[in-house]
>>> print(open('query_39.txt').read())   # compact mmCIF, C-alpha atoms
# COMPACT_ATOMS: atom_id res chain seq x y z
CA MET A 12 135.33 125.39 129.66
CA SER A 13 134.02 128.45 131.39
CA GLU A 14 136.44 130.41 129.18
CA ILE A 15 134.20 129.58 126.19
CA PHE A 16 131.20 131.03 128.00
CA ASP A 17 133.11 134.18 129.01
CA ALA A 18 134.45 134.74 125.50
CA LEU A 19 131.02 134.32 123.93
CA GLN A 20 129.51 136.71 126.46
CA LYS A 21 132.07 139.33 125.52
CA ALA A 22 131.34 138.75 121.83
CA THR A 23 127.62 139.18 122.51
CA ALA A 24 128.28 142.41 124.39
CA GLU A 25 130.33 143.81 121.52
CA ARG A 26 127.65 142.83 118.99
CA THR A 27 124.63 144.11 120.91
CA GLY A 28 126.16 146.89 122.97
CA ASN A 29 124.71 145.39 126.15
CA ASP A 30 126.58 144.95 129.42
CA VAL A 31 126.66 141.24 130.26
CA SER A 32 129.33 141.37 132.94
CA GLY A 33 127.02 140.30 135.73
CA LEU A 34 125.98 136.66 136.05
CA SER A 35 122.69 135.66 137.61
CA ALA A 36 122.60 133.91 140.96
CA ALA A 37 121.53 130.69 139.26
CA THR A 38 124.47 130.83 136.86
CA GLU A 39 126.86 131.45 139.74
CA LEU A 40 125.49 128.39 141.54
CA LEU A 41 126.17 126.30 138.45
CA ARG A 42 129.70 127.68 138.29
CA LEU A 43 130.30 126.66 141.91
CA ALA A 44 128.94 123.18 141.19
CA GLU A 45 131.25 122.94 138.18
CA ASN A 46 134.29 123.84 140.26
CA GLN A 47 133.36 121.32 142.93
CA ALA A 48 132.86 118.55 140.39
CA ALA A 49 136.17 119.36 138.69
CA SER A 50 137.91 119.28 142.05
CA ASN A 51 136.44 115.86 142.81
CA TRP A 52 137.65 114.51 139.46
CA GLU A 53 141.18 115.84 140.08
CA VAL A 54 141.32 114.26 143.53
CA ALA A 55 140.11 110.93 142.17
CA ALA A 56 142.70 111.07 139.37
CA ARG A 57 145.51 111.76 141.83
CA MET A 58 144.38 108.87 144.03
CA GLU A 59 144.30 106.49 141.06
CA GLN A 60 147.77 107.63 140.00
CA SER A 61 149.09 107.18 143.55
CA VAL A 62 147.66 103.66 143.83
CA ALA A 63 149.10 102.71 140.45
CA THR A 64 152.53 104.02 141.48
CA GLN A 65 152.46 102.04 144.72
CA SER A 66 151.48 98.85 142.92
CA VAL A 67 154.43 99.17 140.53
CA GLY A 68 157.25 100.69 142.56
CA GLU A 69 156.61 99.96 146.24
CA ASP A 70 156.47 96.89 148.47
CA THR A 71 152.79 96.29 149.20
CA SER A 72 153.25 93.23 151.39
CA PHE A 73 152.06 95.24 154.41
CA ALA A 74 149.09 96.69 152.58
CA PRO A 75 146.52 93.91 152.12
CA ASP A 76 143.93 96.34 150.80
CA LEU A 77 146.13 96.90 147.73
CA GLU A 78 146.43 93.20 146.98
CA LEU A 79 144.17 93.37 143.96
CA VAL A 80 146.06 96.34 142.55
CA SER A 81 149.30 94.33 142.43
CA ALA A 82 147.72 91.72 140.18
CA PRO A 83 148.98 91.55 136.58
CA VAL A 84 147.61 94.37 134.50
CA GLN A 85 145.41 93.25 131.63
CA PRO A 86 145.90 95.02 128.29
CA ILE A 87 143.20 97.51 127.38
CA ALA A 88 141.40 96.84 124.11
CA LEU A 89 141.66 100.05 122.13
CA ALA A 90 139.13 98.91 119.52
CA PRO A 91 136.56 96.11 119.26
CA SER A 92 137.57 92.99 117.37
CA GLN A 93 136.31 92.53 113.85
CA GLN A 94 134.05 89.72 115.05
CA ALA A 95 132.49 91.94 117.73
CA ALA A 96 132.02 94.75 115.21
CA ASP A 97 130.31 92.37 112.80
CA GLU A 98 128.01 91.12 115.57
CA GLU A 99 127.03 94.70 116.49
CA ALA A 100 126.32 95.54 112.85
CA ASN A 101 124.20 92.40 112.50
CA ILE A 102 122.20 93.22 115.64
CA LEU A 103 121.52 96.84 114.70
CA SER A 104 120.63 95.89 111.13
CA GLN A 105 117.60 94.06 112.51
CA VAL A 106 115.91 97.16 113.92
CA GLN A 107 113.09 98.92 112.11
CA SER A 108 113.80 102.19 110.31
CA LEU A 109 111.51 105.16 110.77
CA LYS A 110 111.05 108.12 108.48
CA ILE A 111 110.89 111.42 110.29
CA SER A 112 109.18 114.68 109.38
CA PRO A 113 109.99 117.25 112.06
CA SER A 114 108.08 120.51 111.93
CA GLU A 115 109.53 123.96 112.49
CA GLN A 116 107.93 123.95 115.93
CA SER A 117 109.98 120.89 116.92
CA ARG A 118 113.11 123.06 117.37
CA LEU A 119 115.37 120.34 115.95
CA VAL A 120 117.86 122.92 114.72
CA CYS A 121 120.48 120.30 113.81
CA LEU A 122 118.31 118.82 111.03
CA PRO A 123 116.77 121.46 108.72
CA ASP A 124 119.77 123.84 108.71
CA SER A 125 122.96 122.10 109.73
CA GLU A 126 124.99 125.26 109.04
CA SER A 127 123.00 127.54 111.34
CA PRO A 128 124.67 129.08 114.42
CA ALA A 129 122.32 127.05 116.61
CA ALA A 130 123.38 123.77 115.00
CA GLU A 131 127.02 124.79 115.26
CA ALA A 132 126.55 125.38 118.98
CA PHE A 133 125.25 121.84 119.51
CA ARG A 134 128.20 120.50 117.51
CA LEU A 135 130.43 122.42 119.91
CA LEU A 136 128.68 120.73 122.82
CA ALA A 137 129.28 117.34 121.18
CA VAL A 138 132.96 118.16 120.69
CA ARG A 139 133.35 119.20 124.33
CA LEU A 140 131.81 115.90 125.46
CA ARG A 141 134.21 113.96 123.25
CA HIS A 142 137.13 115.88 124.73
CA LEU A 143 135.85 115.26 128.23
CA ARG A 144 135.78 111.53 127.53
CA ARG A 145 139.55 111.54 127.03
CA ASN A 146 140.01 111.90 130.78
CA ARG A 147 136.82 110.31 132.10
CA PRO A 148 134.82 107.29 130.90
CA ILE A 149 131.55 108.83 129.70
CA LYS A 150 129.11 107.06 127.42
CA ARG A 151 125.71 107.35 129.13
CA VAL A 152 124.83 111.05 129.47
CA LEU A 153 121.71 111.97 131.42
CA MET A 154 119.82 115.13 130.38
CA THR A 155 117.60 116.51 133.12
CA SER A 156 116.35 119.77 134.62
CA THR A 157 115.09 120.93 137.98
CA ILE A 158 111.47 121.51 136.94
CA PRO A 159 109.35 120.98 133.77
CA GLN A 160 109.39 123.39 130.81
CA GLU A 161 113.13 124.12 130.82
CA GLY A 162 114.00 122.60 127.43
CA LYS A 163 115.74 119.35 128.40
CA SER A 164 114.09 117.12 125.76
CA THR A 165 114.87 119.58 122.99
CA VAL A 166 118.49 119.84 124.08
CA ALA A 167 118.76 116.05 124.38
CA ALA A 168 117.40 115.51 120.85
CA ASN A 169 119.68 118.12 119.27
CA LEU A 170 122.72 116.83 121.14
CA ALA A 171 122.00 113.27 119.96
CA CYS A 172 121.73 114.51 116.37
CA ALA A 173 125.05 116.35 116.70
CA LEU A 174 126.81 113.28 118.10
CA ALA A 175 125.33 111.07 115.37
CA GLN A 176 126.98 113.21 112.69
CA LYS A 177 130.21 111.38 113.49
CA ARG A 178 129.11 108.29 111.62
CA GLN A 179 131.64 105.86 113.06
CA GLN A 180 130.15 106.45 116.52
CA LYS A 181 126.69 104.97 117.05
CA THR A 182 124.36 107.19 119.07
CA LEU A 183 121.16 106.14 120.88
CA LEU A 184 118.57 108.59 122.16
CA LEU A 185 116.76 106.95 125.07
CA GLU A 186 113.45 108.45 126.22
CA GLY A 187 113.43 107.94 129.96
CA ASP A 188 110.70 110.49 130.62
CA VAL A 189 107.91 107.94 130.41
CA ARG A 190 105.35 110.18 132.14
CA ARG A 191 105.54 112.97 129.54
CA PRO A 192 107.17 111.57 126.38
CA SER A 193 107.66 114.10 123.60
CA LEU A 194 110.38 112.77 121.28
CA SER A 195 107.98 110.98 118.92
CA ARG A 196 106.10 114.22 118.33
CA MET A 197 109.35 116.16 118.06
CA PHE A 198 110.74 113.93 115.29
CA GLY A 199 107.36 113.63 113.59
CA PHE A 200 106.59 109.91 113.76
CA GLU A 201 103.77 108.00 115.39
CA GLN A 202 104.14 106.76 118.96
CA GLU A 203 105.84 103.38 118.83
CA PRO A 204 106.39 100.64 121.46
CA GLY A 205 109.59 101.13 123.37
CA LEU A 206 111.06 101.20 126.85
CA CYS A 207 107.88 100.50 128.83
CA GLU A 208 106.91 97.54 126.66
CA TRP A 209 110.36 95.99 127.10
CA LEU A 210 110.37 96.53 130.87
CA GLN A 211 106.98 94.80 131.05
CA GLY A 212 108.33 91.84 129.07
CA ASP A 213 105.98 92.37 126.13
CA ARG A 214 108.62 92.84 123.42
CA SER A 215 112.27 92.11 122.64
CA ILE A 216 114.94 94.80 122.73
CA MET A 217 115.33 94.84 118.96
CA THR A 218 111.63 95.57 118.43
CA CYS A 219 111.80 98.55 120.80
CA ILE A 220 114.73 100.34 119.13
CA TYR A 221 114.38 102.24 115.84
CA HIS A 222 116.82 103.75 113.38
CA LEU A 223 115.85 107.27 112.33
CA GLU A 224 116.42 107.92 108.64
CA GLY A 225 118.10 111.26 108.11
CA PRO A 226 119.88 112.05 111.37
CA GLY A 227 121.41 108.57 111.41
CA LEU A 228 120.79 107.90 115.08
CA TRP A 229 118.86 105.24 116.93
CA ILE A 230 116.02 105.93 119.34
CA MET A 231 114.28 103.95 122.06
CA PRO A 232 111.03 105.81 122.75
CA ALA A 233 109.18 105.66 126.03
CA GLY A 234 106.27 103.68 124.66
CA ALA A 235 102.99 103.47 126.56
CA ALA A 236 103.55 104.04 130.28
CA PRO A 237 101.46 102.08 132.80
CA GLY A 238 99.83 103.64 135.83
CA ASN A 239 102.90 102.95 138.00
CA PRO A 240 105.91 104.20 135.97
CA LEU A 241 108.28 104.54 138.93
CA GLU A 242 107.58 100.99 140.05
CA LEU A 243 108.25 99.81 136.50
CA LEU A 244 111.59 101.63 136.35
CA GLN A 245 112.59 100.09 139.68
CA SER A 246 111.67 96.56 138.62
CA GLY A 247 115.31 95.51 138.27
CA ARG A 248 115.25 94.99 134.49
CA LEU A 249 116.58 98.46 133.68
CA PRO A 250 120.27 97.83 134.63
CA ALA A 251 120.31 94.72 132.43
CA LEU A 252 118.91 96.75 129.54
CA MET A 253 121.59 99.42 129.96
CA ASP A 254 124.31 96.76 129.96
CA HIS A 255 123.09 95.49 126.59
CA LEU A 256 122.82 98.98 125.12
CA ASN A 257 126.25 99.86 126.46
CA THR A 258 127.85 97.20 124.26
CA TRP A 259 126.03 98.30 121.10
CA PHE A 260 126.37 102.09 121.18
CA ASP A 261 129.16 104.63 121.58
CA TRP A 262 126.86 107.30 123.04
CA ILE A 263 123.58 106.94 124.94
CA ILE A 264 121.76 110.23 125.54
CA MET A 265 119.12 109.67 128.23
CA ASP A 266 116.21 112.12 128.43
CA SER A 267 114.84 111.86 131.96
CA PRO A 268 112.07 113.62 133.90
CA PRO A 269 112.88 116.76 135.93
CA LEU A 270 114.57 116.33 139.28
CA LEU A 271 111.69 117.94 141.17
CA PRO A 272 109.31 116.82 142.52
CA LEU A 273 109.36 113.19 141.24
CA GLY A 274 111.80 110.42 142.06
CA ASP A 275 112.08 108.89 138.57
CA THR A 276 115.30 110.71 137.74
CA SER A 277 117.16 109.18 140.69
CA VAL A 278 116.78 105.79 138.97
CA TRP A 279 118.38 107.10 135.78
CA ALA A 280 121.08 109.04 137.63
CA ARG A 281 122.43 105.82 139.15
CA LEU A 282 122.84 104.39 135.64
CA ALA A 283 124.45 107.48 134.09
CA ASP A 284 128.14 108.20 133.65
CA GLY A 285 127.56 111.94 133.64
CA ILE A 286 124.71 114.42 134.04
CA LEU A 287 123.99 117.61 132.08
CA LEU A 288 121.58 119.94 133.87
CA VAL A 289 119.31 122.16 131.78
CA THR A 290 118.12 125.43 133.35
CA ARG A 291 115.93 128.16 131.89
CA GLU A 292 116.46 131.80 132.69
CA GLY A 293 113.24 133.39 133.89
CA THR A 294 111.77 130.00 134.82
CA THR A 295 114.24 128.25 137.12
CA GLN A 296 114.24 129.82 140.57
CA LYS A 297 117.33 129.89 142.74
CA ARG A 298 115.78 127.78 145.49
CA GLN A 299 114.66 125.17 142.95
CA LEU A 300 118.14 125.05 141.46
CA VAL A 301 119.68 124.60 144.90
CA ARG A 302 117.32 121.72 145.66
CA GLY A 303 118.01 120.17 142.28
CA LEU A 304 121.78 120.35 142.74
CA GLU A 305 121.43 118.74 146.17
CA THR A 306 119.86 115.66 144.56
CA ILE A 307 122.73 115.15 142.08
CA GLU A 308 125.97 113.37 142.86
CA ARG A 309 128.50 116.14 142.33
CA ASN A 310 131.04 113.82 140.74
CA LYS A 311 128.47 113.00 138.03
CA LEU A 312 127.57 116.61 137.21
CA ILE A 313 129.59 117.34 134.05
CA GLY A 314 127.99 120.63 133.06
CA ALA A 315 124.94 122.78 132.57
CA VAL A 316 122.92 124.12 129.65
CA MET A 317 121.58 127.65 130.14
CA ASN A 318 118.35 128.06 128.18
CA CYS A 319 116.74 131.40 127.20
CA ALA A 320 119.49 133.69 128.43
CA GLN A 321 118.39 137.30 128.15
CA GLU A 322 121.54 138.51 126.42
CA SER A 323 121.34 135.96 123.59
CA ASP A 324 120.12 136.99 120.15
CA GLU A 325 117.88 134.88 117.91
CA SER A 326 120.76 132.61 116.86
CA GLY A 327 122.49 132.42 120.20
CA TYR A 328 123.25 129.00 121.67
CA TYR A 329 126.12 129.60 124.08
CA TYR A 330 127.82 127.22 126.44
CA ARG A 331 129.51 126.84 129.80
CA SER A 332 131.13 123.90 131.59
CA PRO A 333 131.44 121.87 129.50
CA ALA A 334 128.79 123.71 127.58
CA ALA A 335 126.00 125.93 128.73
CA SER A 336 123.49 126.72 126.03
CA GLN A 337 121.39 129.82 125.67
CA PRO A 338 118.82 128.71 123.08
CA ASP A 339 115.91 130.43 121.47
CA LYS A 340 113.17 131.47 123.87
CA SER A 341 110.67 129.01 122.38
CA LEU A 342 112.50 125.90 123.62
CA THR A 343 110.27 124.67 126.42
CA LYS A 344 110.22 120.87 126.84
>>> encode(input="query_39.txt", output="structure tokens")
Amino acid sequence: MSEIFDALQKATAERTGNDVSGLSAATELLRLAENQAASNWEVAARMEQSVATQSVGEDTSFAPDLELVSAPVQPIALAPSQQAADEEANILSQVQSLKISPSEQSRLVCLPDSESPAAEAFRLLAVRLRHLRRNRPIKRVLMTSTIPQEGKSTVAANLACALAQKRQQKTLLLEGDVRRPSLSRMFGFEQEPGLCEWLQGDRSIMTCIYHLEGPGLWIMPAGAAPGNPLELLQSGRLPALMDHLNTWFDWIIMDSPPLLPLGDTSVWARLADGILLVTREGTTQKRQLVRGLETIERNKLIGAVMNCAQESDESGYYYRSPAASQPDKSLTK
């Protein structure tokens, strides 16, 4: 996927006449993390293939630790049954619909002008995630950054809108940043009860999820956070919630707090299938990026989004591994 980034850099250089051959130290760190994560995935895939081969073609009577592998293989359901699909449709039909009115300042580029280069870039990110899922089970994608003001919430919202354009795949945008929620303001609706109210036992799941008219996605806002948000997230109810949501949606985009200096994101990282790290050129320092990468399980890091790259023009949203974005300089939250 780095080839996409390199090709787009060359295209930018030809268009602007600037030399973009040198990558910043932060970008190089992300490239190293990408290579390490890819290596881990390849090793895991080879191990799984080796175990499967042994269970089929070798005598495992002297290998008690492979006893479970030799059990009869259950067929994999390629699609939900009609009854399950009807149940999901019935459940999601009960949620409240919300009308949205995003302003130009919201930076939801996938909504007002779906044919813009910026919107096309987020569609590319969505395509790369779908391709990645062919080789790795990924449904719950965590969007985070090392520090505040790097654009993670904006990227999460636009990515969710891009994924929701494939109508047969249901997409949920989950606002896990309960300390500084911003999605309600971004989409232009009033603050509604959501995640915090459910975790406190005040409301049912179906009254905390909303269908957004227009983009066609579902959202679970943060709601009103209590004075002890980390304690609430660690209450033990969150994994059960994610299990329910996992059966109803094809994609769950989780907007979490920054990695530094709080510990909230570690709770979400344990529940995620993959992590996309948002960085902002001119804001993210190398030492902060190093510390942030140290807190992430490398096998869960699936890519990075580069925000506010200096060589990008006004319409530039460029990607690396699986997609690194270089959005407009006004993307900040």
>>> atom_distance(input="query_39.txt", atom1="atom CA of A:Glu161", atom2="atom CA of A:Arg134")
20.4 Å
>>> closest_residue(input="query_39.txt", among="A:Gly225, A:Gly234, A:Gly293, A:Gly212", to="A:Leu185", atoms="all atoms listed in the file")
A:Gly234
>>> closest_atom_pairs(input="query_39.txt", of="stretch 115-233 of chain A", to="stretch 276-279 of chain A", cutoff="10 Å", atoms="all atoms listed in the file", output="Markdown table")
| residue | atom | partner | partner_atom | distance |
| --- | --- | --- | --- | --- |
| A:Arg151 | CA | A:Trp279 | CA | 9.9 |
| A:Val152 | CA | A:Trp279 | CA | 9.8 |
| A:Leu153 | CA | A:Trp279 | CA | 7.3 |
| A:Met154 | CA | A:Thr276 | CA | 9.7 |
| A:Thr155 | CA | A:Thr276 | CA | 7.8 |
| A:Ser156 | CA | A:Thr276 | CA | 9.6 |
| A:Gly187 | CA | A:Trp279 | CA | 7.7 |
| A:Asp188 | CA | A:Thr276 | CA | 8.5 |
>>> write_last_selection(input="query_39.txt", atoms="C-alpha atoms", output="PDB file, in the coordinates of the input")
ATOM      1  CA  ARG A 151     125.710 107.350 129.130  1.00  0.00           C
ATOM      2  CA  VAL A 152     124.830 111.050 129.470  1.00  0.00           C
ATOM      3  CA  LEU A 153     121.710 111.970 131.420  1.00  0.00           C
ATOM      4  CA  MET A 154     119.820 115.130 130.380  1.00  0.00           C
ATOM      5  CA  THR A 155     117.600 116.510 133.120  1.00  0.00           C
ATOM      6  CA  SER A 156     116.350 119.770 134.620  1.00  0.00           C
ATOM      7  CA  GLY A 187     113.430 107.940 129.960  1.00  0.00           C
ATOM      8  CA  ASP A 188     110.700 110.490 130.620  1.00  0.00           C
TER       9      ASP A 188
END
>>> closest_residue(input="query_39.txt", among="A:Leu300, A:Gly285, A:Gly205, A:Val189", to="A:Glu242", atoms="all atoms listed in the file")
A:Val189
>>> residues_around(input="query_39.txt", residues="A:Ala236", least_positions_apart="2", cutoff="12 Å", atoms="all atoms listed in the file", output="list in words")
Glu186, Gly187, Asp188, Val189, Arg190, Arg191, Pro192, Gln202, Glu203, Pro204, Gly205, Leu206, Cys207, Glu208, Trp209, Leu210, Gln211, Pro232, Ala233, Gly234, Gly238, Asn239, Pro240, Leu241, Glu242, Leu243 and Leu244 of chain A
>>> atom_distance(input="query_39.txt", atom1="atom CA of A:Ser114", atom2="atom CA of A:Ser267")
22.8 Å
>>> closest_residue(input="query_39.txt", among="A:Leu288, A:Leu282, A:Leu223, A:Met231", to="A:Ser108", atoms="all atoms listed in the file")
A:Leu223
>>> residues_around(input="query_39.txt", residues="A:Met217", least_positions_apart="3", cutoff="10 Å", atoms="only C-alpha atoms", output="PDB file with C-alpha atoms, in the coordinates of the input")
ATOM      1  CA  ILE A 102     122.200  93.220 115.640  1.00  0.00           C
ATOM      2  CA  LEU A 103     121.520  96.840 114.700  1.00  0.00           C
ATOM      3  CA  SER A 104     120.630  95.890 111.130  1.00  0.00           C
ATOM      4  CA  GLN A 105     117.600  94.060 112.510  1.00  0.00           C
ATOM      5  CA  VAL A 106     115.910  97.160 113.920  1.00  0.00           C
ATOM      6  CA  GLN A 107     113.090  98.920 112.110  1.00  0.00           C
ATOM      7  CA  GLY A 205     109.590 101.130 123.370  1.00  0.00           C
ATOM      8  CA  TRP A 209     110.360  95.990 127.100  1.00  0.00           C
ATOM      9  CA  ARG A 214     108.620  92.840 123.420  1.00  0.00           C
ATOM     10  CA  ILE A 220     114.730 100.340 119.130  1.00  0.00           C
ATOM     11  CA  TYR A 221     114.380 102.240 115.840  1.00  0.00           C
ATOM     12  CA  MET A 231     114.280 103.950 122.060  1.00  0.00           C
TER      13      MET A 231
END
>>> atom_distance(input="query_39.txt", atom1="atom CA of A:Ile158", atom2="atom CA of A:Ala175")
27.7 Å
>>> closest_residue(input="query_39.txt", among="A:Ala283, A:Ala173, A:Cys121, A:Leu273", to="A:Arg139", atoms="all atoms listed in the file")
A:Ala173
>>> residues_around(input="query_39.txt", residues="A:Asp284", least_positions_apart="3", cutoff="12 Å", atoms="all atoms listed in the file", output="list of chain:residue names")
A:Leu140, A:Leu143, A:Arg144, A:Arg147, A:Pro148, A:Ile149, A:Lys150, A:Arg151, A:Val152, A:Leu153, A:Met154, A:Met253, A:Asn257, A:Trp262, A:Ile263, A:Ile264, A:Met265, A:Trp279, A:Ala280, A:Arg281, A:Leu287, A:Glu308, A:Arg309, A:Asn310, A:Lys311, A:Leu312, A:Ile313
>>> write_last_selection(input="query_39.txt", atoms="C-alpha atoms", output="PDB file, in the frame of the given file")
ATOM      1  CA  LEU A 140     131.810 115.900 125.460  1.00  0.00           C
ATOM      2  CA  LEU A 143     135.850 115.260 128.230  1.00  0.00           C
ATOM      3  CA  ARG A 144     135.780 111.530 127.530  1.00  0.00           C
ATOM      4  CA  ARG A 147     136.820 110.310 132.100  1.00  0.00           C
ATOM      5  CA  PRO A 148     134.820 107.290 130.900  1.00  0.00           C
ATOM      6  CA  ILE A 149     131.550 108.830 129.700  1.00  0.00           C
ATOM      7  CA  LYS A 150     129.110 107.060 127.420  1.00  0.00           C
ATOM      8  CA  ARG A 151     125.710 107.350 129.130  1.00  0.00           C
ATOM      9  CA  VAL A 152     124.830 111.050 129.470  1.00  0.00           C
ATOM     10  CA  LEU A 153     121.710 111.970 131.420  1.00  0.00           C
ATOM     11  CA  MET A 154     119.820 115.130 130.380  1.00  0.00           C
ATOM     12  CA  MET A 253     121.590  99.420 129.960  1.00  0.00           C
ATOM     13  CA  ASN A 257     126.250  99.860 126.460  1.00  0.00           C
ATOM     14  CA  TRP A 262     126.860 107.300 123.040  1.00  0.00           C
ATOM     15  CA  ILE A 263     123.580 106.940 124.940  1.00  0.00           C
ATOM     16  CA  ILE A 264     121.760 110.230 125.540  1.00  0.00           C
ATOM     17  CA  MET A 265     119.120 109.670 128.230  1.00  0.00           C
ATOM     18  CA  TRP A 279     118.380 107.100 135.780  1.00  0.00           C
ATOM     19  CA  ALA A 280     121.080 109.040 137.630  1.00  0.00           C
ATOM     20  CA  ARG A 281     122.430 105.820 139.150  1.00  0.00           C
ATOM     21  CA  LEU A 287     123.990 117.610 132.080  1.00  0.00           C
ATOM     22  CA  GLU A 308     125.970 113.370 142.860  1.00  0.00           C
ATOM     23  CA  ARG A 309     128.500 116.140 142.330  1.00  0.00           C
ATOM     24  CA  ASN A 310     131.040 113.820 140.740  1.00  0.00           C
ATOM     25  CA  LYS A 311     128.470 113.000 138.030  1.00  0.00           C
ATOM     26  CA  LEU A 312     127.570 116.610 137.210  1.00  0.00           C
ATOM     27  CA  ILE A 313     129.590 117.340 134.050  1.00  0.00           C
TER      28      ILE A 313
END
>>> closest_residue(input="query_39.txt", among="A:Ala315, A:Thr182, A:Arg141, A:Ile111", to="A:Thr258", atoms="all atoms listed in the file")
A:Thr182
